[in-house]
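Here is start32.txt, consisting of compact mmCIF, C-alpha atoms and all ligand atoms:
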```txt
# COMPACT_ATOMS: atom_id res chain seq x y z
CA MET A 1 0.00 0.00 0.00
CA ARG A 2 1.42 3.38 -1.09
CA VAL A 3 0.64 5.99 1.58
CA GLY A 4 0.74 9.78 1.25
CA ILE A 5 0.62 12.03 4.33
CA ILE A 6 -0.55 15.64 4.39
CA GLY A 7 1.01 17.46 7.34
CA GLY A 8 4.28 17.05 9.16
CA GLY A 9 3.26 17.21 12.83
CA THR A 10 2.53 14.86 15.71
CA ILE A 11 0.33 12.39 13.85
CA ALA A 12 2.55 12.32 10.75
CA ARG A 13 5.61 11.51 12.88
CA LEU A 14 3.83 8.67 14.65
CA PHE A 15 2.71 7.22 11.31
CA LEU A 16 6.19 7.31 9.86
CA GLY A 17 7.66 5.62 12.93
CA HIS A 18 5.19 2.74 12.87
CA ILE A 19 5.37 2.23 9.13
CA ARG A 20 9.16 2.20 9.26
CA ARG A 21 9.02 -0.48 11.98
CA GLY A 22 6.83 -2.58 9.69
CA ASP A 23 3.78 -2.42 11.99
CA LEU A 24 1.52 -1.85 8.97
CA GLY A 25 2.72 -4.73 6.83
CA HIS A 26 3.56 -3.64 3.32
CA ALA A 27 2.56 0.03 3.74
CA ARG A 28 5.16 2.46 2.40
CA VAL A 29 5.07 6.26 2.71
CA VAL A 30 5.56 7.70 -0.78
CA ALA A 31 5.22 11.43 0.04
CA ILE A 32 4.68 14.01 2.74
CA ALA A 33 2.81 17.12 1.60
CA GLY A 34 3.52 20.43 3.35
CA ARG A 35 2.68 24.07 2.83
CA SER A 36 6.13 25.51 2.17
CA GLN A 37 9.84 24.70 2.19
CA ARG A 38 9.86 26.01 5.77
CA SER A 39 7.22 23.52 6.96
CA ARG A 40 8.03 21.03 9.72
CA GLY A 41 7.10 18.30 7.24
CA ARG A 42 10.24 19.01 5.24
CA GLU A 43 12.53 18.06 8.14
CA LEU A 44 10.39 15.04 8.93
CA ALA A 45 10.53 13.90 5.31
CA LYS A 46 14.30 14.27 5.34
CA ALA A 47 14.66 12.33 8.59
CA PHE A 48 12.57 9.44 7.24
CA ARG A 49 13.95 9.68 3.67
CA VAL A 50 10.57 10.31 2.12
CA PRO A 51 9.90 12.75 -0.77
CA PHE A 52 8.53 16.13 0.37
CA VAL A 53 5.94 17.75 -1.93
CA LEU A 54 4.15 21.08 -1.88
CA ASP A 55 0.98 20.62 -3.87
CA LEU A 56 -1.70 18.26 -5.08
CA LYS A 57 -0.15 17.62 -8.48
CA SER A 58 3.18 16.54 -6.97
CA LEU A 59 1.39 14.40 -4.40
CA LEU A 60 -0.62 12.63 -7.11
CA ALA A 61 2.57 12.10 -9.12
CA LYS A 62 3.77 9.81 -6.30
CA LYS A 63 0.76 7.56 -7.01
CA PRO A 64 -0.55 7.05 -3.46
CA ASP A 65 -3.29 4.43 -2.91
CA VAL A 66 -4.33 6.20 0.26
CA VAL A 67 -3.66 9.64 1.71
CA VAL A 68 -3.82 10.43 5.42
CA GLU A 69 -4.80 14.06 6.06
CA ALA A 70 -3.13 15.06 9.35
CA ALA A 71 -2.83 18.79 8.82
CA SER A 72 -5.73 21.25 9.12
CA HIS A 73 -9.25 22.16 7.99
CA GLU A 74 -7.66 24.11 5.16
CA ALA A 75 -5.90 20.97 3.91
CA VAL A 76 -9.21 19.07 3.83
CA ARG A 77 -10.66 21.84 1.68
CA GLU A 78 -7.63 21.91 -0.61
CA TYR A 79 -6.88 18.21 -1.11
CA GLY A 80 -10.04 16.29 -0.15
CA GLU A 81 -12.25 16.33 -3.21
CA PRO A 82 -9.54 16.15 -5.90
CA LEU A 83 -7.89 13.13 -4.27
CA LEU A 84 -11.16 11.25 -3.99
CA ARG A 85 -12.09 12.16 -7.56
CA LYS A 86 -8.83 10.59 -8.69
CA GLY A 87 -9.78 7.39 -6.86
CA VAL A 88 -7.32 7.84 -3.97
CA ALA A 89 -8.65 6.67 -0.58
CA LEU A 90 -8.65 9.46 2.01
CA ILE A 91 -8.39 9.30 5.80
CA VAL A 92 -9.46 12.65 7.29
CA LEU A 93 -8.29 13.67 10.78
CA SER A 94 -9.21 17.36 10.65
CA CYS A 95 -12.83 16.33 10.30
CA GLY A 96 -14.25 19.51 11.88
CA ALA A 97 -13.91 20.90 8.34
CA LEU A 98 -16.78 18.62 7.35
CA CYS A 99 -19.17 20.69 9.47
CA ASP A 100 -19.43 22.64 6.21
CA ASP A 101 -22.27 20.72 4.55
CA ALA A 102 -21.32 21.78 1.02
CA LEU A 103 -17.75 20.54 1.45
CA ARG A 104 -18.84 17.26 3.08
CA ARG A 105 -21.32 16.54 0.28
CA LYS A 106 -18.65 17.25 -2.33
CA LEU A 107 -16.31 14.72 -0.69
CA GLU A 108 -19.07 12.14 -0.29
CA ARG A 109 -20.13 12.53 -3.93
CA ALA A 110 -16.54 12.24 -5.15
CA ALA A 111 -16.05 9.04 -3.11
CA VAL A 112 -19.24 7.48 -4.43
CA LYS A 113 -18.42 8.41 -8.02
CA SER A 114 -14.83 7.14 -8.06
CA GLY A 115 -15.31 4.26 -5.61
CA ALA A 116 -12.49 5.61 -3.39
CA LEU A 117 -12.89 5.22 0.36
CA LEU A 118 -13.57 8.30 2.48
CA SER A 119 -12.72 7.40 6.07
CA VAL A 120 -13.07 9.55 9.16
CA PRO A 121 -11.58 7.67 12.15
CA SER A 122 -13.12 7.90 15.61
CA GLY A 123 -10.11 9.98 16.68
CA GLY A 124 -9.96 10.66 20.40
CA ILE A 125 -13.33 9.08 21.21
CA GLY A 126 -15.13 5.75 21.12
CA GLY A 127 -18.63 4.34 21.16
CA LEU A 128 -19.40 5.24 17.54
CA ASP A 129 -20.17 1.57 16.87
CA ALA A 130 -23.01 1.58 19.43
CA LEU A 131 -24.17 5.02 18.28
CA LYS A 132 -24.43 3.95 14.63
CA ALA A 133 -26.41 0.85 15.58
CA ALA A 134 -28.70 2.84 17.89
CA CYS A 135 -29.31 5.43 15.15
CA VAL A 136 -30.85 2.80 12.89
CA ALA A 137 -33.58 2.40 15.51
CA GLY A 138 -33.73 6.10 16.43
CA VAL A 139 -31.71 8.31 18.75
CA GLU A 140 -33.13 11.37 20.52
CA GLU A 141 -30.14 12.84 22.28
CA VAL A 142 -26.37 12.89 21.82
CA THR A 143 -24.19 15.12 23.98
CA ILE A 144 -20.43 15.42 24.26
CA ALA A 145 -18.49 17.36 26.86
CA VAL A 146 -14.91 18.04 25.76
CA THR A 147 -12.90 18.96 28.86
CA LYS A 148 -9.19 19.76 28.75
CA PRO A 149 -6.64 21.53 30.95
CA PRO A 150 -6.63 25.31 30.35
CA ALA A 151 -3.34 25.18 28.37
CA ALA A 152 -5.03 23.18 25.62
CA TRP A 153 -7.37 26.13 24.91
CA LYS A 154 -4.65 28.71 24.37
CA GLY A 155 -4.16 30.46 21.04
CA ILE A 156 -7.76 30.02 19.89
CA ALA A 157 -9.32 33.25 18.57
CA TYR A 158 -12.79 32.43 19.95
CA VAL A 159 -11.40 31.79 23.46
CA GLU A 160 -9.23 34.91 23.37
CA LYS A 161 -12.34 36.96 22.58
CA LEU A 162 -13.98 35.61 25.76
CA GLY A 163 -11.21 37.41 27.68
CA ILE A 164 -10.67 34.56 30.16
CA ASP A 165 -7.40 34.34 32.09
CA LEU A 166 -6.75 30.65 31.40
CA ASP A 167 -3.62 30.54 33.58
CA GLY A 168 -5.56 32.00 36.50
CA LEU A 169 -8.48 29.53 36.43
CA ARG A 170 -9.13 27.90 39.82
CA GLU A 171 -12.26 25.97 38.82
CA PRO A 172 -13.80 24.54 35.61
CA ARG A 173 -15.00 27.14 33.14
CA ILE A 174 -17.47 26.50 30.29
CA LEU A 175 -16.11 28.01 27.06
CA PHE A 176 -19.01 26.95 24.85
CA GLU A 177 -22.34 25.17 25.18
CA GLY A 178 -24.71 24.62 22.29
CA PRO A 179 -25.15 22.73 19.02
CA ALA A 180 -22.02 21.15 17.49
CA ARG A 181 -22.88 23.05 14.31
CA GLU A 182 -22.12 26.32 16.08
CA GLY A 183 -19.30 25.14 18.37
CA VAL A 184 -17.10 23.07 16.03
CA PRO A 185 -15.98 26.01 13.85
CA HIS A 186 -14.92 27.98 16.96
CA PHE A 187 -12.26 25.37 17.83
CA PRO A 188 -10.61 24.28 14.54
CA ALA A 189 -7.98 22.02 16.12
CA ASN A 190 -9.62 20.94 19.39
CA VAL A 191 -13.08 19.49 18.92
CA ASN A 192 -12.77 17.33 15.80
CA ILE A 193 -14.22 14.57 17.98
CA ALA A 194 -17.53 16.44 18.20
CA ALA A 195 -17.59 16.50 14.39
CA VAL A 196 -17.07 12.77 13.92
CA LEU A 197 -19.64 12.09 16.65
CA SER A 198 -22.14 14.29 14.78
CA MET A 199 -21.49 12.63 11.43
CA ALA A 200 -21.72 9.10 12.84
CA GLY A 201 -24.85 10.00 14.77
CA ILE A 202 -27.66 12.54 14.53
CA GLY A 203 -25.88 15.36 12.74
CA PHE A 204 -24.31 18.69 13.64
CA ASP A 205 -27.56 20.49 14.45
CA ARG A 206 -28.87 17.96 16.99
CA THR A 207 -25.59 16.92 18.65
CA ARG A 208 -24.97 19.05 21.74
CA LEU A 209 -21.42 20.17 22.56
CA LYS A 210 -20.00 21.51 25.80
CA VAL A 211 -16.41 22.77 25.89
CA VAL A 212 -14.72 23.13 29.27
CA ALA A 213 -11.34 24.33 30.57
CA ASP A 214 -10.62 22.52 33.84
CA PRO A 215 -7.46 23.31 35.84
CA ALA A 216 -7.84 20.11 37.91
CA LEU A 217 -7.35 17.88 34.84
CA LYS A 218 -4.15 16.18 33.73
CA HIS A 219 -5.74 14.27 30.85
CA ASN A 220 -8.14 15.44 28.15
CA THR A 221 -11.42 14.01 29.41
CA HIS A 222 -14.53 13.53 27.31
CA TYR A 223 -18.04 12.48 28.33
CA ILE A 224 -20.50 11.16 25.75
CA ASP A 225 -24.17 10.47 26.54
CA VAL A 226 -26.59 8.88 24.10
CA LYS A 227 -30.33 8.25 24.57
CA GLY A 228 -32.52 6.50 22.05
CA ARG A 229 -35.07 3.76 21.37
CA THR A 230 -32.53 0.98 22.01
CA GLY A 231 -31.62 2.43 25.41
CA SER A 232 -28.92 4.75 26.62
CA PHE A 233 -25.19 4.70 27.19
CA SER A 234 -22.55 6.96 28.67
CA ILE A 235 -18.84 6.89 28.03
CA LYS A 236 -15.97 8.65 29.75
CA LEU A 237 -12.59 8.83 28.01
CA GLU A 238 -9.46 9.96 29.79
CA ASN A 239 -6.94 10.58 27.03
CA VAL A 240 -3.22 10.97 27.46
CA PRO A 241 -2.08 13.94 25.37
CA ALA A 242 0.74 13.44 22.86
CA PRO A 243 3.96 14.62 24.57
CA ASP A 244 4.75 17.34 22.03
CA ASN A 245 1.20 18.53 21.42
CA PRO A 246 -1.33 18.93 24.27
CA LYS A 247 -4.16 19.39 21.76
CA THR A 248 -3.75 15.93 20.23
CA ALA A 249 -4.53 12.73 22.14
CA TRP A 250 -2.49 9.58 21.70
CA LEU A 251 -5.74 7.71 21.11
CA ALA A 252 -6.48 9.95 18.11
CA CYS A 253 -3.07 9.20 16.60
CA TYR A 254 -3.58 5.47 17.00
CA SER A 255 -7.13 5.69 15.70
CA ALA A 256 -5.67 7.01 12.45
CA LEU A 257 -3.26 4.08 12.29
CA ALA A 258 -6.09 1.64 12.95
CA ALA A 259 -8.09 3.26 10.12
CA LEU A 260 -5.16 2.80 7.76
CA LYS A 261 -4.87 -0.86 8.76
CA ALA A 262 -8.57 -1.30 7.97
CA VAL A 263 -8.25 0.15 4.45
CA GLY A 264 -6.92 -3.04 2.91
CA SER A 265 -8.84 -5.51 5.05
CA ARG A 266 -11.81 -7.62 3.90
CA VAL A 267 -12.68 -8.61 7.48
CA ARG A 268 -14.29 -6.26 9.98
CA TYR A 269 -14.99 -6.82 13.69
CA GLY A 270 -17.27 -4.32 15.35
CA THR A 271 -19.84 -2.14 13.59
N1 LIG B 1 -10.17 13.61 14.72
C1 LIG B 1 -9.53 13.70 15.87
O1 LIG B 1 -9.91 13.15 16.90
C2 LIG B 1 -8.25 14.46 15.92
C3 LIG B 1 -7.41 14.32 17.02
C4 LIG B 1 -6.18 14.98 17.02
C5 LIG B 1 -5.86 15.82 15.98
N2 LIG B 1 -6.72 15.99 14.95
C6 LIG B 1 -6.41 16.90 13.85
O2 LIG B 1 -5.46 16.28 13.00
C7 LIG B 1 -4.61 17.28 12.43
C8 LIG B 1 -3.15 16.90 12.68
O3 LIG B 1 -2.91 16.78 14.07
P1 LIG B 1 -1.42 16.89 14.62
O4 LIG B 1 -1.49 16.68 16.08
O5 LIG B 1 -0.50 16.06 13.81
O6 LIG B 1 -1.15 18.46 14.35
P2 LIG B 1 0.23 19.26 14.32
O7 LIG B 1 -0.12 20.67 14.59
O8 LIG B 1 1.25 18.58 15.17
O9 LIG B 1 0.71 19.12 12.80
C9 LIG B 1 -0.03 19.60 11.71
C10 LIG B 1 0.94 19.83 10.57
O10 LIG B 1 0.18 20.05 9.38
C11 LIG B 1 0.76 21.15 8.65
N3 LIG B 1 -0.29 21.76 7.82
C12 LIG B 1 -1.31 22.55 8.20
N4 LIG B 1 -2.06 22.90 7.13
C13 LIG B 1 -1.48 22.32 6.05
C14 LIG B 1 -1.79 22.30 4.66
N5 LIG B 1 -2.82 22.99 4.17
N6 LIG B 1 -1.01 21.57 3.83
C15 LIG B 1 0.05 20.88 4.32
N7 LIG B 1 0.41 20.87 5.62
C16 LIG B 1 -0.35 21.59 6.48
C17 LIG B 1 1.30 22.07 9.75
O11 LIG B 1 2.29 22.92 9.24
C18 LIG B 1 1.85 21.05 10.76
O12 LIG B 1 3.16 20.66 10.42
C19 LIG B 1 -5.02 18.62 13.09
O13 LIG B 1 -5.91 19.32 12.23
C20 LIG B 1 -5.77 18.19 14.33
O14 LIG B 1 -6.74 19.12 14.72
C21 LIG B 1 -7.89 15.32 14.90
```

As structure tokens, the full file:
Amino acid sequence: MRVGIIGGGTIARLFLGHIRRGDLGHARVVAIAGRSQRSRGRELAKAFRVPFVLDLKSLLAKKPDVVVEAASHEAVREYGEPLLRKGVALIVLSCGALCDDALRRKLERAAVKSGALLSVPSGGIGGLDALKAACVAGVEEVTIAVTKPPAAWKGIAYVEKLGIDLDGLREPRILFEGPAREGVPHFPANVNIAAVLSMAGIGFDRTRLKVVADPALKHNTHYIDVKGRTGSFSIKLENVPAPDNPKTAWLACYSALAALKAVGSRVRYGT
């Protein structure tokens, strides 16, 4: 399997390490796509002896079977549809971008037309198997509370506008509460999990999102509650953050690797 990676950060590095160790069988990274010659991806590509490319055309020239997007919402907009149209399978990590209905439909249509797989891994959460099954019968309520230490909410324009002193917080503070449709775009790199939950479940308008900065937390902690005709379930996830990036959970990185493993498999356990 020829693998392309968009982005040269935490997730890209983890991928390269595992593929180099042979943990993904015959998978081989054929290109890393970055934004400029100054991108972190360039150094990463050099360290792992992988070609570094700067645009879609050069990425396609490396003939990937599957591309893992581990970059940003912008990258999903730029690369998503053209890759799928060309029949290249796509694994999307920055799935908050798909809160834009027009973009999501374009990607879905391109996948259906070319037969390429569009995969959005569960990322830093779980329980999507039970949610998908419950949705066939009918689900009334899905809520997710995304709670992280205050440092994880730094550098976000929406949070800065709230004028909260994150370093001075002594108790939990709600930064957002409302429909995922409204909340997801406020936090482009922090609540992708609310997006995948919405898409696997009852959609962005009906999924409720609560975003909390909690100074007592060490781990990013998420609570998911689902109520429907088949019953109800609640899940709590305590995620260890990646050492070099407090916004990204280890579980999310490994969820992407698990999604890549599933691309070539004809056997599936779990919904
Ligand atoms: N779905 C989930 O649960 C989940 C969990 C963690 C992270 N993510 C998302 O996955 C993405 C990658 O995460 P990460 O921890 O590796 O991030 P990171 O910040 O460590 O690395 C991202 C890299 O992508 C590069 N990049 C950004 N836009 C680009 C573009 N248009 N073209 C090429 N390169 C570009 C950046 O320069 C950076 O090197 C982020 O968008 C993050 O929000 C999703």

Could you list the protein, DNA and RNA residues that have any atom within 6 Å of ligand LIG 1 (chain B), counting only C-alpha atoms and all ligand atoms, and write them as an MDAnalysis selection string? chainID A and resid 6:12 33:35 39:41 70:72 74:75 93:95 123:124 189:190 192:193 248:249 252

To one decimal in Å, tell me the separation between CA of Leu107 in chain A and CA of Gly17 in chain A.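 Between CA of Leu107 in chain A and CA of Gly17 in chain A the gap works out to 29.0 Å.
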
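Checking A:Val142, A:Leu60, A:Leu217, A:Val159 one by one against Asp205 in chain A, counting all atoms listed in the file, you find the shortest gap at A:Val142.
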
Which value, in Å to one decimal, gives the distance between CA of Phe204 in chain A and CA of Asp101 in chain A?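 Distance between the two atoms: 9.5 Å.
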
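Candidate residues A:Val267, A:Pro188, A:Met199, A:Val212 were compared for distance to Leu169 in chain A, and the nearest is A:Val212, using all atoms listed in the file.
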
Residues near Gly270 in chain A, cut-off 12 Å, all atoms listed in the file, skip fewer than 5 positions along chain, as a compact mmCIF listing (two decimals) with C-alpha atoms, in the coordinates of the input:
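Okay, this is what ended up in part_18.txt:
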```txt
# COMPACT_ATOMS: atom_id res chain seq x y z
CA GLY A 126 -15.13 5.75 21.12
CA GLY A 127 -18.63 4.34 21.16
CA LEU A 128 -19.40 5.24 17.54
CA ASP A 129 -20.17 1.57 16.87
CA ALA A 130 -23.01 1.58 19.43
CA LEU A 131 -24.17 5.02 18.28
CA LYS A 132 -24.43 3.95 14.63
CA ALA A 133 -26.41 0.85 15.58
CA ALA A 262 -8.57 -1.30 7.97
```

Among A:Glu43, A:Asp65, A:Glu78, A:Asp55, Val29 in chain A is approached most closely, using all atoms listed in the file, by A:Asp65

Nearest residue to Val139 in chain A out of A:Gly231, A:Gly163, A:Gly22, A:Pro185, using all atoms listed in the file?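 When distances to Val139 in chain A are compared using all atoms listed in the file, the smallest one comes from A:Gly231.
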
For range 136-154 of chain A, supply N, CA and C atoms and format the output as a PDB file, keeping the file's coordinate frame.
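Contents of part.pdb, as written:
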```
ATOM      1  N   VAL A 136     -29.968   3.493  13.833  1.00  0.00           N
ATOM      2  CA  VAL A 136     -30.850   2.800  12.890  1.00  0.00           C
ATOM      3  C   VAL A 136     -32.241   2.688  13.507  1.00  0.00           C
ATOM      4  N   ALA A 137     -32.290   2.495  14.829  1.00  0.00           N
ATOM      5  CA  ALA A 137     -33.580   2.400  15.510  1.00  0.00           C
ATOM      6  C   ALA A 137     -34.147   3.787  15.813  1.00  0.00           C
ATOM      7  N   GLY A 138     -33.283   4.732  16.103  1.00  0.00           N
ATOM      8  CA  GLY A 138     -33.730   6.100  16.430  1.00  0.00           C
ATOM      9  C   GLY A 138     -33.078   6.601  17.707  1.00  0.00           C
ATOM     10  N   VAL A 139     -32.390   7.719  17.597  1.00  0.00           N
ATOM     11  CA  VAL A 139     -31.710   8.310  18.750  1.00  0.00           C
ATOM     12  C   VAL A 139     -32.240   9.717  18.969  1.00  0.00           C
ATOM     13  N   GLU A 140     -32.565  10.038  20.220  1.00  0.00           N
ATOM     14  CA  GLU A 140     -33.130  11.370  20.520  1.00  0.00           C
ATOM     15  C   GLU A 140     -32.084  12.379  20.933  1.00  0.00           C
ATOM     16  N   GLU A 141     -31.084  11.895  21.686  1.00  0.00           N
ATOM     17  CA  GLU A 141     -30.140  12.840  22.280  1.00  0.00           C
ATOM     18  C   GLU A 141     -28.707  12.339  22.185  1.00  0.00           C
ATOM     19  N   VAL A 142     -27.812  13.198  21.740  1.00  0.00           N
ATOM     20  CA  VAL A 142     -26.370  12.890  21.820  1.00  0.00           C
ATOM     21  C   VAL A 142     -25.676  14.138  22.366  1.00  0.00           C
ATOM     22  N   THR A 143     -24.938  13.975  23.449  1.00  0.00           N
ATOM     23  CA  THR A 143     -24.190  15.120  23.980  1.00  0.00           C
ATOM     24  C   THR A 143     -22.729  14.707  24.187  1.00  0.00           C
ATOM     25  N   ILE A 144     -21.864  15.663  23.978  1.00  0.00           N
ATOM     26  CA  ILE A 144     -20.430  15.420  24.260  1.00  0.00           C
ATOM     27  C   ILE A 144     -19.891  16.615  25.032  1.00  0.00           C
ATOM     28  N   ALA A 145     -19.199  16.310  26.122  1.00  0.00           N
ATOM     29  CA  ALA A 145     -18.490  17.360  26.860  1.00  0.00           C
ATOM     30  C   ALA A 145     -17.006  17.135  26.634  1.00  0.00           C
ATOM     31  N   VAL A 146     -16.355  18.118  26.043  1.00  0.00           N
ATOM     32  CA  VAL A 146     -14.910  18.040  25.760  1.00  0.00           C
ATOM     33  C   VAL A 146     -14.226  18.872  26.838  1.00  0.00           C
ATOM     34  N   THR A 147     -13.528  18.211  27.771  1.00  0.00           N
ATOM     35  CA  THR A 147     -12.900  18.960  28.860  1.00  0.00           C
ATOM     36  C   THR A 147     -11.393  18.742  28.833  1.00  0.00           C
ATOM     37  N   LYS A 148     -10.660  19.839  28.845  1.00  0.00           N
ATOM     38  CA  LYS A 148      -9.190  19.760  28.750  1.00  0.00           C
ATOM     39  C   LYS A 148      -8.584  20.746  29.741  1.00  0.00           C
ATOM     40  N   PRO A 149      -7.318  20.537  30.092  1.00  0.00           N
ATOM     41  CA  PRO A 149      -6.640  21.530  30.950  1.00  0.00           C
ATOM     42  C   PRO A 149      -6.599  22.874  30.220  1.00  0.00           C
ATOM     43  N   PRO A 150      -6.572  23.985  30.972  1.00  0.00           N
ATOM     44  CA  PRO A 150      -6.630  25.310  30.350  1.00  0.00           C
ATOM     45  C   PRO A 150      -5.608  25.525  29.231  1.00  0.00           C
ATOM     46  N   ALA A 151      -4.390  24.949  29.371  1.00  0.00           N
ATOM     47  CA  ALA A 151      -3.340  25.180  28.370  1.00  0.00           C
ATOM     48  C   ALA A 151      -3.765  24.731  26.978  1.00  0.00           C
ATOM     49  N   ALA A 152      -4.625  23.716  26.925  1.00  0.00           N
ATOM     50  CA  ALA A 152      -5.030  23.180  25.620  1.00  0.00           C
ATOM     51  C   ALA A 152      -5.918  24.171  24.856  1.00  0.00           C
ATOM     52  N   TRP A 153      -6.445  25.183  25.558  1.00  0.00           N
ATOM     53  CA  TRP A 153      -7.370  26.130  24.910  1.00  0.00           C
ATOM     54  C   TRP A 153      -6.700  27.452  24.570  1.00  0.00           C
ATOM     55  N   LYS A 154      -5.370  27.459  24.679  1.00  0.00           N
ATOM     56  CA  LYS A 154      -4.650  28.710  24.370  1.00  0.00           C
ATOM     57  C   LYS A 154      -4.522  28.898  22.863  1.00  0.00           C
TER      58      LYS A 154
END
```
